[in-house]
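Here is query27.cif, consisting of mmCIF, C-alpha atoms:
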```
data_data
#
loop_
_atom_site.label_atom_id
_atom_site.label_comp_id
_atom_site.auth_asym_id
_atom_site.auth_seq_id
_atom_site.Cartn_x
_atom_site.Cartn_y
_atom_site.Cartn_z
CA MET A 1192 -9.04 -6.91 30.48
CA THR A 1193 -12.78 -6.66 30.82
CA GLN A 1194 -12.78 -3.80 28.33
CA LEU A 1195 -11.98 -6.12 25.42
CA ARG A 1196 -15.10 -6.40 23.28
CA SER A 1197 -14.19 -8.90 20.57
CA PRO A 1198 -15.89 -12.30 20.55
CA ILE A 1199 -13.88 -14.95 22.42
CA TYR A 1200 -13.35 -18.55 21.33
CA ASP A 1201 -12.22 -21.34 23.64
CA LEU A 1202 -10.09 -23.69 21.58
CA ALA A 1203 -8.14 -26.80 22.51
CA ASP A 1204 -4.63 -25.75 21.53
CA ILE A 1205 -2.51 -23.76 19.07
CA VAL A 1206 -3.24 -26.23 16.29
CA ALA A 1207 -6.98 -25.80 16.77
CA VAL A 1208 -6.57 -22.02 16.77
CA ASN A 1209 -4.67 -22.13 13.50
CA ASP A 1210 -7.15 -24.53 11.94
CA MET A 1211 -10.08 -22.27 12.75
CA TYR A 1212 -8.41 -18.99 11.85
CA HIS A 1213 -7.17 -20.38 8.53
CA ARG A 1214 -10.57 -21.91 7.77
CA ARG A 1215 -12.30 -18.59 8.38
CA GLY A 1216 -9.87 -16.71 6.13
CA TRP A 1217 -8.37 -14.72 9.00
CA THR A 1218 -4.70 -15.29 8.11
CA ASP A 1219 -2.28 -14.73 5.25
CA GLY A 1220 -1.79 -18.50 4.93
CA LEU A 1221 1.08 -18.71 7.41
CA PRO A 1222 0.59 -19.94 10.97
CA ILE A 1223 -0.38 -17.32 13.53
CA LEU A 1224 0.27 -16.82 17.22
CA PRO A 1225 -2.97 -17.27 19.19
CA PRO A 1226 -4.30 -13.81 20.17
CA THR A 1227 -5.03 -14.47 23.81
CA GLU A 1228 -6.46 -11.79 26.06
CA GLU A 1229 -3.17 -11.49 27.94
CA LEU A 1230 -1.02 -11.00 24.84
CA VAL A 1231 -3.49 -8.53 23.34
CA GLN A 1232 -3.63 -6.56 26.58
CA ASP A 1233 0.20 -6.43 26.67
CA CYS A 1234 0.16 -4.84 23.21
CA LEU A 1235 -2.48 -2.31 24.23
CA ASP A 1236 -0.52 -1.45 27.36
CA ALA A 1237 2.66 -0.94 25.35
CA ALA A 1238 0.81 1.45 23.06
CA GLY A 1239 -0.87 3.20 25.99
CA LEU A 1240 -4.25 2.79 24.33
CA ALA A 1241 -7.71 1.75 25.47
CA PRO A 1242 -9.18 -1.09 23.39
CA SER A 1243 -11.89 1.17 22.04
CA ALA A 1244 -9.52 3.92 20.93
CA VAL A 1245 -10.02 4.62 17.23
CA ILE A 1246 -6.62 4.78 15.51
CA SER A 1247 -8.01 5.89 12.14
CA VAL A 1248 -11.10 5.59 10.00
CA GLU A 1249 -10.86 4.15 6.47
CA SER A 1250 -12.63 6.88 4.58
CA VAL A 1251 -14.40 5.09 1.72
CA ARG A 1252 -16.32 2.55 3.77
CA GLN A 1253 -16.07 4.58 6.97
CA ARG A 1254 -14.60 1.72 8.96
CA PRO A 1255 -13.01 2.63 12.26
CA ILE A 1256 -9.81 0.75 13.07
CA THR A 1257 -9.72 0.29 16.83
CA ALA A 1258 -6.70 -0.32 19.03
CA GLU A 1259 -8.18 -3.66 20.10
CA LYS A 1260 -8.34 -5.00 16.55
CA VAL A 1261 -4.87 -3.67 15.80
CA ALA A 1262 -3.49 -5.42 18.88
CA ILE A 1263 -5.24 -8.72 18.07
CA ASN A 1264 -3.86 -8.77 14.55
CA ALA A 1265 -0.41 -7.65 15.72
CA VAL A 1266 -0.26 -10.57 18.16
CA MET A 1267 -1.36 -12.96 15.41
CA ALA A 1268 1.43 -11.61 13.19
CA GLY A 1269 4.01 -12.31 15.88
CA CYS A 1270 4.59 -8.73 17.04
CA LEU A 1271 6.17 -7.97 20.38
CA PRO A 1272 4.34 -5.25 22.34
CA ALA A 1273 7.21 -2.84 21.66
CA TYR A 1274 6.37 -2.91 17.94
CA MET A 1275 2.92 -1.44 18.50
CA PRO A 1276 3.84 2.25 18.14
CA VAL A 1277 5.23 1.48 14.66
CA VAL A 1278 2.13 -0.48 13.62
CA ILE A 1279 -0.10 2.34 14.87
CA ALA A 1280 1.91 4.95 12.93
CA VAL A 1281 1.66 2.92 9.71
CA ILE A 1282 -2.13 2.74 10.06
CA LYS A 1283 -2.34 6.49 10.62
CA ALA A 1284 -0.16 7.09 7.57
CA MET A 1285 -2.09 4.87 5.21
CA CYS A 1286 -5.44 6.32 6.30
CA GLN A 1287 -4.40 9.81 5.18
CA PRO A 1288 -6.50 10.82 2.14
CA GLU A 1289 -3.51 11.17 -0.19
CA PHE A 1290 -2.58 7.52 0.41
CA ASN A 1291 -5.85 6.39 -1.19
CA LEU A 1292 -5.97 3.22 0.87
CA HIS A 1293 -9.17 1.82 -0.61
CA GLY A 1294 -8.08 2.25 -4.22
CA SER A 1295 -4.55 1.02 -3.72
CA THR A 1296 -5.58 -2.10 -1.81
CA ALA A 1297 -8.55 -3.03 -4.01
CA SER A 1298 -6.80 -2.53 -7.36
CA THR A 1299 -5.90 -5.26 -9.81
CA GLY A 1300 -2.44 -3.62 -9.73
CA GLY A 1301 -1.72 -5.43 -6.46
CA SER A 1302 0.44 -3.10 -4.36
CA ALA A 1303 1.74 -3.56 -0.82
CA GLN A 1304 2.44 -1.01 1.90
CA PHE A 1305 6.18 -0.40 1.66
CA ILE A 1306 7.26 0.83 5.11
CA VAL A 1307 10.51 2.66 5.88
CA VAL A 1308 11.27 3.30 9.56
CA ASN A 1309 13.55 6.09 10.74
CA GLY A 1310 14.71 7.27 14.15
CA PRO A 1311 15.79 5.74 17.46
CA ILE A 1312 12.96 3.19 17.66
CA ARG A 1313 14.71 1.16 14.93
CA GLN A 1314 17.47 0.07 17.28
CA ARG A 1315 15.23 -0.29 20.33
CA ILE A 1316 13.08 -2.92 18.61
CA GLY A 1317 15.77 -4.52 16.46
CA LEU A 1318 14.72 -3.49 12.96
CA ASN A 1319 17.12 -4.61 10.26
CA ALA A 1320 18.64 -2.06 7.89
CA THR A 1321 21.58 -4.02 6.50
CA HIS A 1322 22.07 -7.59 5.23
CA ASN A 1323 19.09 -8.96 3.27
CA VAL A 1324 17.12 -5.84 4.18
CA LEU A 1325 14.26 -6.45 1.75
CA ALA A 1326 13.77 -10.02 2.94
CA ASN A 1327 13.89 -12.35 5.92
CA HIS A 1328 15.91 -11.79 9.08
CA SER A 1329 14.51 -9.61 11.84
CA ARG A 1330 11.35 -10.36 13.78
CA ALA A 1331 10.48 -6.66 13.87
CA ASN A 1332 10.66 -6.14 10.08
CA ALA A 1333 8.78 -9.36 9.39
CA CYS A 1334 6.04 -8.99 11.96
CA ILE A 1335 5.30 -5.26 11.62
CA GLY A 1336 4.72 -5.62 7.89
CA ARG A 1337 2.71 -8.78 8.44
CA ALA A 1338 0.54 -7.10 11.07
CA ILE A 1339 -0.44 -4.46 8.52
CA ARG A 1340 -1.47 -7.16 6.04
CA LEU A 1341 -3.56 -9.00 8.65
CA ILE A 1342 -5.28 -5.74 9.65
CA LEU A 1343 -6.10 -5.09 5.99
CA ILE A 1344 -7.53 -8.60 5.66
CA ASN A 1345 -9.47 -8.79 8.90
CA VAL A 1346 -10.52 -5.22 9.65
CA LEU A 1347 -10.85 -3.75 6.18
CA GLY A 1348 -11.87 -6.86 4.26
CA CYS A 1349 -8.91 -6.88 1.84
CA VAL A 1350 -9.42 -10.57 1.14
CA PRO A 1351 -8.12 -11.76 -2.24
CA GLY A 1352 -11.04 -12.15 -4.61
CA GLN A 1353 -13.24 -9.97 -2.40
CA LEU A 1354 -12.09 -6.39 -1.82
CA ASP A 1355 -8.53 -7.24 -2.84
CA ARG A 1356 -8.81 -7.73 -6.62
CA SER A 1357 -5.06 -8.07 -7.28
CA THR A 1358 -4.31 -9.96 -10.46
CA LEU A 1359 -0.88 -11.05 -9.20
CA GLY A 1360 0.06 -9.20 -6.02
CA HIS A 1361 3.69 -9.63 -4.98
CA PRO A 1362 5.67 -11.17 -2.10
CA GLY A 1363 5.78 -7.81 -0.29
CA LYS A 1364 2.12 -8.35 0.54
CA PHE A 1365 3.27 -10.79 3.23
CA THR A 1366 5.53 -8.13 4.76
CA PHE A 1367 7.43 -5.15 3.33
CA CYS A 1368 9.12 -3.20 6.11
CA ILE A 1369 12.68 -1.91 6.31
CA ALA A 1370 14.69 0.49 8.44
CA GLU A 1371 17.11 3.07 7.11
CA ASP A 1372 20.76 2.49 8.02
CA GLU A 1373 21.19 5.94 9.55
CA GLU A 1374 24.29 5.07 11.59
CA ASP A 1375 26.25 4.01 8.52
CA SER A 1376 24.99 6.66 6.12
CA PRO A 1377 26.40 10.14 5.50
CA TRP A 1378 23.04 11.35 4.26
CA THR A 1379 19.98 12.98 5.80
CA PRO A 1380 17.51 10.28 6.89
CA LEU A 1381 14.36 9.98 4.79
CA ALA A 1382 12.04 11.13 7.59
CA GLN A 1383 14.06 14.30 8.15
CA GLN A 1384 13.96 15.03 4.43
CA ARG A 1385 10.20 14.83 4.86
CA SER A 1386 10.03 17.34 7.74
CA ILE A 1387 10.29 15.07 10.78
CA PRO A 1388 12.62 16.60 13.41
CA ALA A 1389 15.96 14.91 14.09
CA GLY A 1390 15.74 12.56 17.06
CA ALA A 1391 12.11 11.63 16.41
CA SER A 1392 11.05 8.29 14.98
CA ALA A 1393 8.76 8.05 11.97
CA VAL A 1394 7.43 5.75 9.28
CA THR A 1395 7.16 6.56 5.60
CA VAL A 1396 4.60 4.41 3.81
CA MET A 1397 3.98 4.09 0.08
CA ALA A 1398 1.80 1.82 -2.03
CA GLY A 1399 4.62 -0.05 -3.70
CA GLU A 1400 4.95 -2.65 -6.38
CA SER A 1401 7.60 -5.37 -6.08
CA PRO A 1402 11.20 -4.19 -5.83
CA HIS A 1403 13.41 -4.41 -8.92
CA GLN A 1404 17.04 -5.21 -8.17
CA THR A 1405 19.82 -3.47 -10.09
CA MET A 1406 23.61 -3.87 -10.20
CA ASN A 1407 26.47 -1.66 -11.31
CA GLU A 1408 29.94 -2.57 -10.04
CA TRP A 1409 31.83 -1.05 -12.93
CA THR A 1410 32.05 2.63 -12.11
CA ARG A 1411 32.83 5.13 -9.37
CA ASP A 1412 30.99 7.93 -11.14
CA PRO A 1413 27.84 8.89 -9.22
CA LYS A 1414 26.12 9.89 -12.44
CA GLU A 1415 26.64 6.44 -13.90
CA ILE A 1416 25.46 4.79 -10.69
CA ALA A 1417 22.35 6.97 -10.63
CA GLU A 1418 21.83 6.26 -14.31
CA THR A 1419 21.45 2.53 -13.65
CA PHE A 1420 18.61 3.31 -11.24
CA ALA A 1421 17.10 5.77 -13.74
CA ALA A 1422 17.20 3.14 -16.47
CA GLU A 1423 15.30 0.68 -14.29
CA ILE A 1424 12.68 3.37 -13.61
CA ARG A 1425 12.37 4.13 -17.34
CA HIS A 1426 11.94 0.43 -17.97
CA ASN A 1427 9.17 0.26 -15.37
CA MET A 1428 7.47 3.27 -16.97
CA LEU A 1429 7.33 1.43 -20.27
CA THR A 1430 6.58 -2.11 -19.17
CA TYR A 1431 4.32 -1.36 -16.19
CA SER A 1432 2.98 2.14 -15.60
CA ILE A 1433 3.89 5.43 -17.22
CA TRP A 1434 2.46 7.66 -14.52
CA ALA A 1435 4.64 9.87 -12.34
CA GLY A 1436 4.64 9.36 -8.59
CA ASN A 1437 6.77 8.26 -5.67
CA TYR A 1438 9.54 5.83 -6.48
CA ALA A 1439 11.71 4.49 -3.66
CA LEU A 1440 15.41 3.94 -4.24
CA ILE A 1441 17.28 1.55 -1.95
CA VAL A 1442 21.00 2.35 -1.91
CA PRO A 1443 23.23 -0.14 -0.05
CA LYS A 1444 26.60 0.71 1.43
CA GLN A 1445 28.95 -0.05 -1.48
CA LEU A 1446 27.18 2.26 -3.90
CA ARG A 1447 26.41 4.74 -1.13
CA GLU A 1448 30.11 5.16 -0.34
CA LEU A 1449 31.01 5.72 -3.97
CA ILE A 1450 28.24 8.26 -4.43
CA ALA A 1451 29.08 10.05 -1.17
CA ALA A 1452 32.82 10.07 -1.97
CA ALA A 1453 32.00 12.17 -5.02
CA GLY A 1454 30.31 14.68 -2.73
CA TRP A 1455 26.76 13.78 -3.65
CA GLN A 1456 23.93 14.08 -1.16
CA LYS A 1457 20.48 12.54 -1.54
CA HIS A 1458 19.21 15.62 -3.33
CA ASP A 1459 21.87 15.20 -6.02
CA ILE A 1460 20.56 11.70 -6.72
CA GLN A 1461 17.00 13.02 -6.72
CA GLU A 1462 17.88 15.81 -9.15
CA HIS A 1463 19.71 13.46 -11.51
CA ILE A 1464 16.93 10.93 -11.63
CA TYR A 1465 14.26 13.62 -11.95
CA ARG A 1466 15.98 14.82 -15.12
CA SER A 1467 16.93 11.39 -16.46
CA ALA A 1468 13.94 9.13 -15.73
CA ARG A 1469 11.91 10.29 -18.71
CA VAL A 1470 10.56 8.54 -21.76
CA VAL A 1471 8.73 9.50 -24.91
CA ARG A 1472 5.62 7.82 -26.12
CA ARG A 1473 7.34 6.19 -29.09
CA ASP A 1474 9.53 4.17 -26.70
CA TRP A 1475 6.50 2.00 -26.06
CA ALA A 1476 7.08 0.43 -29.46
CA THR A 1477 10.25 -1.18 -28.02
CA VAL A 1478 8.30 -3.11 -25.38
CA GLY A 1479 5.46 -4.51 -27.46
CA LYS A 1480 3.09 -1.55 -27.01
CA GLN A 1481 3.08 -0.14 -30.55
CA GLN A 1482 -0.71 0.09 -30.38
CA ILE A 1483 -0.63 3.04 -27.97
CA VAL A 1484 2.28 5.01 -29.45
CA ASN A 1485 0.04 7.29 -31.48
CA LEU A 1486 -2.65 7.87 -28.86
CA GLY A 1487 -2.69 10.80 -26.44
CA LYS A 1488 -0.48 13.62 -27.70
CA GLY A 1489 1.32 11.46 -30.22
CA ALA A 1490 4.66 9.70 -30.48
CA ASP A 1491 6.70 12.67 -29.19
CA GLN A 1492 4.72 13.06 -25.98
CA ARG A 1493 7.10 13.15 -23.03
CA PHE A 1494 6.61 11.55 -19.63
CA GLY A 1495 8.66 11.92 -16.45
CA ALA A 1496 8.78 9.40 -13.60
CA LEU A 1497 8.70 12.11 -10.93
CA HIS A 1498 6.55 15.24 -10.60
CA SER A 1499 9.46 16.78 -8.70
CA PRO A 1500 12.81 15.53 -7.30
CA ASP A 1501 11.15 15.17 -3.88
CA ASP A 1502 8.97 12.37 -5.27
CA LEU A 1503 12.01 10.10 -5.10
CA LEU A 1504 12.40 8.44 -1.69
CA VAL A 1505 16.10 7.67 -1.32
CA VAL A 1506 16.78 5.15 1.45
CA ALA A 1507 20.19 4.07 2.72
CA ALA A 1508 19.80 0.38 3.45
CA GLY A 1509 21.23 -3.02 2.58
CA GLY A 1510 24.29 -5.15 3.28
CA PRO A 1511 27.85 -3.83 2.93
CA ALA A 1512 29.05 -5.75 -0.13
CA GLY A 1513 27.97 -5.61 -3.75
CA GLY A 1514 27.02 -2.97 -6.24
CA PHE A 1515 23.37 -3.77 -5.89
CA GLY A 1516 20.44 -1.45 -5.45
CA ALA A 1517 16.71 -1.53 -5.91
CA ILE A 1518 13.81 0.59 -7.00
CA VAL A 1519 10.32 0.22 -5.57
CA PRO A 1520 7.84 1.54 -8.14
CA PRO A 1521 4.55 3.19 -7.23
CA TRP A 1522 1.28 1.31 -7.60
CA LEU A 1523 -0.29 3.84 -10.00
CA GLY A 1524 1.62 7.09 -10.25
CA SER A 1525 0.43 9.70 -7.80
CA ARG A 1526 -3.01 8.12 -7.30
CA SER A 1527 -1.45 7.07 -4.00
CA GLN A 1528 1.16 9.32 -2.43
CA ALA A 1529 3.75 8.37 0.18
CA VAL A 1530 2.93 9.56 3.68
CA THR A 1531 5.38 10.14 6.55
CA GLN A 1532 3.98 9.83 10.05
CA ILE A 1533 5.72 10.42 13.36
CA ILE A 1534 5.84 7.43 15.73
CA GLU A 1535 4.43 8.30 19.13
CA THR A 1536 5.61 6.27 22.09
CA PRO A 1537 3.67 6.44 25.37
CA MET B 1101 -6.63 -26.22 29.52
CA THR B 1102 -7.97 -24.35 26.55
CA LEU B 1103 -6.78 -21.23 24.77
CA ARG B 1104 -9.11 -18.24 24.98
CA VAL B 1105 -8.54 -16.27 21.79
CA LEU B 1106 -10.05 -13.13 20.33
CA ASP B 1107 -11.78 -12.51 17.02
CA PRO B 1108 -9.57 -10.36 14.73
CA THR B 1109 -12.27 -9.19 12.34
CA PHE B 1110 -14.19 -5.94 12.04
CA ASP B 1111 -17.02 -5.67 14.49
CA ASN B 1112 -20.11 -5.10 12.36
CA ASP B 1113 -21.94 -3.23 15.11
CA GLN B 1114 -19.41 -0.45 14.52
CA ALA B 1115 -20.34 -0.14 10.86
CA VAL B 1116 -21.74 3.21 9.87
CA GLN B 1117 -22.85 1.95 6.47
CA ALA B 1118 -25.44 -0.75 5.88
CA THR B 1119 -26.65 -2.62 2.84
CA VAL B 1120 -30.14 -1.65 1.70
CA SER B 1121 -32.72 -4.34 1.03
CA ARG B 1122 -33.08 -5.54 -2.56
CA LEU B 1123 -35.79 -4.15 -4.81
CA PRO B 1124 -38.54 -6.70 -5.44
CA SER B 1125 -38.59 -5.75 -9.13
CA LEU B 1126 -36.82 -3.35 -11.48
CA ALA B 1127 -39.95 -2.81 -13.63
CA GLY B 1128 -40.59 0.89 -14.15
CA ARG B 1129 -37.74 1.84 -11.85
CA THR B 1130 -34.98 4.41 -12.37
CA VAL B 1131 -31.50 2.89 -12.43
CA GLY B 1132 -28.20 4.79 -12.37
CA LEU B 1133 -25.11 3.50 -14.15
CA LEU B 1134 -21.77 4.89 -12.96
CA ASP B 1135 -19.00 4.82 -15.55
CA ASN B 1136 -15.64 4.58 -13.76
CA GLY B 1137 -13.67 6.06 -16.64
CA LYS B 1138 -11.80 2.93 -17.66
CA LEU B 1139 -11.32 1.71 -21.18
CA ASN B 1140 -14.37 -0.09 -22.65
CA VAL B 1141 -16.68 0.82 -19.79
CA ASP B 1142 -19.02 2.48 -22.33
CA THR B 1143 -19.35 -0.80 -24.24
CA LEU B 1144 -20.07 -2.67 -21.02
CA LEU B 1145 -22.64 -0.16 -19.82
CA ASP B 1146 -24.37 0.04 -23.22
CA HIS B 1147 -24.93 -3.70 -22.93
CA VAL B 1148 -26.07 -3.47 -19.32
CA GLU B 1149 -28.54 -0.70 -20.22
CA THR B 1150 -29.94 -2.80 -23.07
CA LEU B 1151 -30.43 -5.76 -20.73
CA LEU B 1152 -32.01 -3.63 -18.01
CA ARG B 1153 -34.55 -2.18 -20.43
CA SER B 1154 -35.29 -5.31 -22.47
CA GLN B 1155 -35.23 -7.99 -19.79
CA HIS B 1156 -36.13 -6.14 -16.59
CA GLY B 1157 -38.44 -3.35 -17.79
CA VAL B 1158 -36.36 -0.57 -16.28
CA GLY B 1159 -38.09 2.75 -16.96
CA THR B 1160 -35.28 5.31 -16.82
CA VAL B 1161 -31.51 4.95 -16.93
CA ILE B 1162 -29.26 7.75 -15.69
CA ARG B 1163 -25.64 7.45 -16.78
CA LEU B 1164 -22.92 9.47 -15.09
CA HIS B 1165 -19.14 9.41 -15.22
CA LYS B 1166 -16.28 9.69 -12.75
CA SER B 1167 -12.79 10.35 -14.01
CA ASP B 1168 -10.75 8.49 -11.38
CA ALA B 1169 -11.50 4.78 -11.12
CA SER B 1170 -9.51 4.38 -7.91
CA ARG B 1171 -11.36 7.00 -5.88
CA PRO B 1172 -15.00 7.34 -4.83
CA ALA B 1173 -17.34 9.31 -7.08
CA PRO B 1174 -17.29 13.07 -6.38
CA GLU B 1175 -20.22 14.58 -4.46
CA ASP B 1176 -21.84 16.14 -7.53
CA VAL B 1177 -21.90 12.79 -9.31
CA VAL B 1178 -23.44 11.11 -6.26
CA ARG B 1179 -26.09 13.87 -6.10
CA GLY B 1180 -26.84 13.25 -9.77
CA PHE B 1181 -28.08 9.78 -8.81
CA ALA B 1182 -30.39 11.13 -6.09
CA GLY B 1183 -33.59 10.09 -7.88
CA CYS B 1184 -32.46 6.53 -8.62
CA ASP B 1185 -34.00 3.41 -7.09
CA ALA B 1186 -30.72 1.55 -7.69
CA VAL B 1187 -27.24 2.35 -8.95
CA ILE B 1188 -24.73 0.04 -10.60
CA SER B 1189 -21.14 1.14 -10.08
CA ALA B 1190 -19.46 -0.60 -12.98
CA VAL B 1191 -15.85 -1.48 -13.64
CA GLY B 1192 -14.54 -1.27 -17.15
CA ASP B 1193 -11.02 -2.57 -17.64
#
```
Show me, as structure tokens, the structure contained in the file I just sent.
Amino acid sequence: MTQLRSPIYDLADIVAVNDMYHRRGWTDGLPILPPTEELVQDCLDAAGLAPSAVISVESVRQRPITAEKVAINAVMAGCLPAYMPVVIAVIKAMCQPEFNLHGSTASTGGSAQFIVVNGPIRQRIGLNATHNVLANHSRANACIGRAIRLILINVLGCVPGQLDRSTLGHPGKFTFCIAEDEEDSPWTPLAQQRSIPAGASAVTVMAGESPHQTMNEWTRDPKEIAETFAAEIRHNMLTYSIWAGNYALIVPKQLRELIAAAGWQKHDIQEHIYRSARVVRRDWATVGKQQIVNLGKGADQRFGALHSPDDLLVVAAGGPAGGFGAIVPPWLGSRSQAVTQIIETP
Amino acid sequence: MTLRVLDPTFDNDQAVQATVSRLPSLAGRTVGLLDNGKLNVDTLLDHVETLLRSQHGVGTVIRLHKSDASRPAPEDVVRGFAGCDAVISAVGD
């Protein structure tokens, strides 16, 4: 306990704590749990880390992110100690150079860290992978994603109007964490597709824009189902950003079963969308962007959404009923790349 | 009974970068202007250069370019500003 180095405040009660933390800009606007020494120490113990341990260093401003600050913000977000290994892994992932943390968090484009958890830790800490998966339900999903936002605000200075220059942002900036429904999916889990051994737990993190929901309940043909996702990606390329990068695809059970019944694996979806999610420059005229049709290499210039099929992160998740799905577009093409990081438990 | 709670913010004594003190005057100084590669940044920096020369007596302006607005300037660009008294890293958008 004596190793904790952060300044300490003695405050009357939880209301006083929230008043001061809100007033100083230390929250996301929602109430926080008071980060007492005992709760913070519990989180550090669960992670097996000394307070001074440096988890990662943000490379542009050379800011070390210490275990103590991670634990304080995790407690504020409502995390249980058992969530700490996931929070730590997300920080390690987003501090990898290819994630471009500074650029993706400062940009007017307003992305959030979209977190997908794989492996046995999902069930141990109660992460939701089914009903309402992209929204409210589980404490673990809600608080892990929120902890990352509070760390960005308090440790890295991603305060709206200061380092965070988002024009709009999106609701995922409060929290944006899901688990893959591995038990109810016939497909290879995302982390294993990305070289994590079976049986290990891992996070995959991407700088994501808000999810776009799709629906197709009128076919059993996997090509047609994949085509609905591809169309939404093409639409995003025209209305938001043309640049190729990681897109995430959330495939709930109803569509998953139809696709799998046709013998398709994840790589078949990836291959289809790689070939289909393409536009030509002249298509911009259909979305009010006539002014840029003749720039670059001219109206016939072709653009693909993915550099390769592997750019598509296919995730089995969502409730059992309905022909719904979602895409999560990248912040700015491959300026930020998804990173998969193993979760280490002490 | 009070609650003893911890400060969640970055501890500045761990900072490895510090802000330099402001120049007392720009007169006769060399100022670098970093173009971040975004649309219209040239228009913005032309105007800034005019103001620096006409209103602040700046002696020399060095203008360099980086091609990726969302990443730090490459080492060679940073070295190109080595002789500057101040650098403005501008955002065109």
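Residues matched by the PyMOL selection byres ((chain A and resi 1534) around 7) in this file are Pro1276, Val1277, Ala1280, Ser1392, Ala1393, Val1394, Gln1532, Ile1533, Glu1535 and Thr1536 of chain A.
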**Message:** When you count all atoms listed in the file, which of these residues is closest to B:Val1105: A:Pro1288, A:Gly1489, A:Pro1225, A:Gly1216?
**Reply:** A:Pro1225
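Interatomic distance, atom CA of A:Ser1302 against atom CA of A:Pro1402: 10.9 Å.
Applied to this file, the PyMOL selection byres ((chain B) within 10 of (chain A)) selects Met1101, Thr1102, Leu1103, Arg1104, Val1105, Leu1106, Asp1107, Pro1108, Thr1109, Phe1110, Asp1111, Asn1112, Gln1114, Ala1115, Val1116, Gln1117, Ala1118, Asp1168, Ala1169, Ser1170, Arg1171, Pro1172 and Asp1193 of chain B.
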**Message:** Using only C-alpha atoms for the distances, tell me which of B:Leu1164, B:Val1191, B:Cys1184, B:Val1158 is nearest to B:Leu1139.
**Reply:** B:Val1191
**Request:** Using the chain letters and numbering of this document, enumerate as a PyMOL selection string the residues selected by the PyMOL selection byres ((chain A and resi 1507-1518) around 10).
**Result:** chain A and resi 1307+1319-1325+1369-1381+1399-1410+1416+1419-1421+1423-1424+1427+1438-1449+1457+1503-1506+1519-1521
**Item:** For atom CA of A:Phe1494 and atom CA of A:Asn1437, the interatomic separation in Å (one decimal)
**Value:** 14.3 Å
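Distance annotation: of B:His1147, B:Ala1173, B:Gly1183, B:Ile1188, the residue with the minimal separation from B:Arg1129 is B:Gly1183; atom set is only C-alpha atoms.
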**Complete:** Using only C-alpha atoms, the shortest atom-to-atom distance to A:Asn1327 among A:Thr1366, A:Gln1481, A:Thr1531, A:Ser1243 belongs to A:Thr1366
